[in-house]
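**Student:** Below are the structure tokens for one structure; questions will follow.
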Amino acid sequence: MSASGGQQGTDSRQNPQSAPQPEQPSDSHSEQPGVLRVGEAEADWTGDAQYFEYSRAANPIGAGITSQVPIRTFPAALHRGTATTVEVLDLSGDLNTPWPATSPALQAAFVVIQTGESLSTAARATSQLFYVLSGSGRSELDDQEIFWAEGDVIVVPMAASVLHSAQGRAVLYWVTDEPLMQYLGVAPISSRFSPTRFPADRIRHELDLIASDPRAMDRNRLSVLLGTAPQTQTLTITHVLWAMFGLLPTAAVQRPHRHQSVALDLIVQCEPGCFTLVGSTVNAEGEIERPTRVDWESGGAFVTPPGLWHAHYNESGSDAYLLPVQDAGLHTYLRSLDIRFVSPRSGR
Ligand SMILES: [Fe+2]
């Protein structure tokens, strides 16, 4: 897979401004810092230069040149097969990327490991998150070993590869920022956090404390935000990724909110009757206008695009749990998260 944005022409014309260079492999510029290659068409370096009238190029998203992130669901059937495999939740066709991607910056996948089998995952990423949807086992990275069980969350920095072995049949929800690395044409050079495990029972304990607080029902949501110690500015699970373990109690309505990060939502557990409404505007009562309804499925996933209002509903009669993963660590650092909630005074 080649990186984008480079000038990789094979024009054999002489460049009068450049000294003779030793013969290099065609993509050697990416490995030779400081070595520039001549542009595609002109020997005076102007061949790739382009000029746009402002109104024709100021909003490529609005003009449809840059595609919108779609609302998309991925069924649990993707991880119910009998093979040991990685099922990438790939929206590269919608996003116009030559590499697999679930959002512009992130890739999500289901890692399925049959009983007693092993599977290696690799990503050119600063951040990898694994949520154990079912099963138990262990993961080896470098000379370290992490044991895990259902409900655990694990984050791993820039590991070349991780070897996972399952005791019983296991399914992991795996999110990385490899599409962001691909877009930038870079590979990470240093770790911004240490491998970290969040045990399921500790996550549930923290959630129980939040839910049992007398003020709990006044809050917009009942959720635990997961963080790692080095993220002192963003309070997120990695410097790029944001992860939350949330409870949507039976009969709950989580009022609309929006943010510029993309959410890759995993439904950990629910009964039929849970859904999310998604739309671009809210009315004076704080309700989403002309919404798209996304029905939840236990073990399924869906993408919530950036900037859209969304609200969660539980009409199932049973509590439901979800684990959204977002690129909100990066957005918070960039000061571009722009998270907003409907006013508590509006609406019902
Ligand atoms: Fe959200």
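Scheme for the structure tokens: letters A, B, ... for chains in order shown; per-chain residue numbers from 1; ligand numbers from 1 in order shown.
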Around ligand 1, at most 7 Å away and counting only C-alpha atoms and all ligand atoms, which residues are there? Put them as JSON, numbers by chain, please.
**Tutor:** {"A": [257, 258, 259, 263, 310]}
**Student:** At a cut-off of 9 Å, using only C-alpha atoms, what residues contact A:Pro249? Leave out same-chain residues fewer than 4 positions from it and give the result as a list of chain:residue names.
**Tutor:**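 Surrounding residues, per the criterion: A:Leu222, A:Val253, A:Asn314, A:Gly317, A:Ser318, A:Asp319, A:Ala320, A:Tyr321.
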**Student:** For the selection you just gave me, I'd like the residues written to a file as a PDB file, in the first residue's frame, keeping N, CA and C atoms.
**Tutor:**
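Written output follows (out-v8.pdb):
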ATOM      1  N   LEU A 222     -25.111   7.937  31.929  1.00  0.00           N
ATOM      2  CA  LEU A 222     -24.491   7.160  32.994  1.00  0.00           C
ATOM      3  C   LEU A 222     -23.345   6.392  32.360  1.00  0.00           C
ATOM      4  N   VAL A 253     -34.132   7.983  28.067  1.00  0.00           N
ATOM      5  CA  VAL A 253     -33.932   8.784  26.860  1.00  0.00           C
ATOM      6  C   VAL A 253     -32.707   9.660  27.125  1.00  0.00           C
ATOM      7  N   ASN A 314     -34.064   3.775  25.025  1.00  0.00           N
ATOM      8  CA  ASN A 314     -34.187   2.370  25.424  1.00  0.00           C
ATOM      9  C   ASN A 314     -35.649   2.074  25.744  1.00  0.00           C
ATOM     10  N   GLY A 317     -37.218  -2.565  27.799  1.00  0.00           N
ATOM     11  CA  GLY A 317     -37.583  -3.217  29.053  1.00  0.00           C
ATOM     12  C   GLY A 317     -36.389  -3.790  29.801  1.00  0.00           C
ATOM     13  N   SER A 318     -35.197  -3.700  29.241  1.00  0.00           N
ATOM     14  CA  SER A 318     -33.979  -4.182  29.917  1.00  0.00           C
ATOM     15  C   SER A 318     -32.877  -3.129  29.778  1.00  0.00           C
ATOM     16  N   ASP A 319     -31.973  -3.104  30.745  1.00  0.00           N
ATOM     17  CA  ASP A 319     -30.833  -2.188  30.641  1.00  0.00           C
ATOM     18  C   ASP A 319     -29.975  -2.555  29.433  1.00  0.00           C
ATOM     19  N   ALA A 320     -29.338  -1.559  28.860  1.00  0.00           N
ATOM     20  CA  ALA A 320     -28.466  -1.777  27.702  1.00  0.00           C
ATOM     21  C   ALA A 320     -27.104  -1.140  27.973  1.00  0.00           C
ATOM     22  N   TYR A 321     -26.067  -1.683  27.322  1.00  0.00           N
ATOM     23  CA  TYR A 321     -24.691  -1.212  27.523  1.00  0.00           C
ATOM     24  C   TYR A 321     -24.050  -0.970  26.162  1.00  0.00           C
TER      25      TYR A 321
END
**Student:** Could you tell me, as a VMD selection string, which residues of stretch 98-261 of chain A DSSP assigns to helix (DSSP H, G or I) when given the backbone?
**Tutor:** chain A and resid 178 to 184 200 to 212 216 to 218
**Student:** For the selection you just gave me, I'd like the residues written to a file as a compact mmCIF listing (two decimals), in the first residue's frame, keeping C-alpha atoms.
**Tutor:**
# COMPACT_ATOMS: atom_id res chain seq x y z
CA GLU A 178 -3.99 3.42 11.21
CA PRO A 179 -6.10 5.34 8.62
CA LEU A 180 -4.80 8.59 10.14
CA MET A 181 -1.21 7.34 9.78
CA GLN A 182 -1.92 6.30 6.20
CA TYR A 183 -3.38 9.70 5.35
CA LEU A 184 -0.41 11.53 6.84
CA ALA A 200 -14.31 -5.62 33.39
CA ASP A 201 -15.18 -5.82 37.08
CA ARG A 202 -13.48 -2.48 37.79
CA ILE A 203 -15.30 -0.80 34.90
CA ARG A 204 -18.64 -2.18 36.16
CA HIS A 205 -17.80 -1.09 39.72
CA GLU A 206 -17.09 2.46 38.58
CA LEU A 207 -20.33 2.46 36.57
CA ASP A 208 -22.29 1.19 39.60
CA LEU A 209 -20.88 4.05 41.70
CA ILE A 210 -22.00 6.57 39.07
CA ALA A 211 -25.45 5.00 38.64
CA SER A 212 -26.11 4.82 42.39
CA ALA A 216 -27.40 10.21 38.56
CA MET A 217 -30.70 10.74 36.74
CA ASP A 218 -29.98 14.45 36.42
**Student:** Compile the contact shell of A:Gly81 as a count of residues only: residues with an atom at most 12 Å away, counting only C-alpha atoms, same-chain residues fewer than 2 positions apart removed.
**Tutor:** 17
**Student:** Rank A:Gly168, A:Gly151, A:Gly47, A:Gly135 by their smallest atom-to-atom distance to A:Gln269, using only C-alpha atoms, and report the top residue only.
**Tutor:**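 Ranked by minimum distance to A:Gln269, first place goes to A:Gly151.
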**Student:** Within 12 Å of A:Trp99, counting only C-alpha atoms, which residues qualify if same-chain residues fewer than 6 places away don't, as a list in words?
**Tutor:** Met1, Ser2, Ala3, Ser4, Val88, Asp90, Leu91, Ser92, Gly93, Ala105, Leu106, Gln107, Arg124, Glu178, Pro179, Leu180, Met181, Gln182, Tyr183 and Gly185 of chain A
**Student:** Tell me which protein, DNA and RNA residues are within 8 Å of A:Asp94, counting only C-alpha atoms, leaving out same-chain ones fewer than 3 positions away, and put them as a list in words.
**Tutor:**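 Here the qualifying residues turn out to be Ser67, Gln68, Val69, Pro70 and Leu91 of chain A.
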**Student:** How far is it from atom CA of A:Glu150 to atom CA of A:Leu266, in Å with one decimal?
**Tutor:**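 Atom-to-atom, atom CA of A:Glu150 and atom CA of A:Leu266 are spaced 14.2 Å apart.
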**Student:** Select, from A:Ala122, A:Asp265, A:Pro305, A:Ile288, the residue with the minimum atom-to-atom distance to A:Pro324, counting only C-alpha atoms.
**Tutor:**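 Comparing A:Ala122, A:Asp265, A:Pro305, A:Ile288 against A:Pro324, the winner is A:Asp265.
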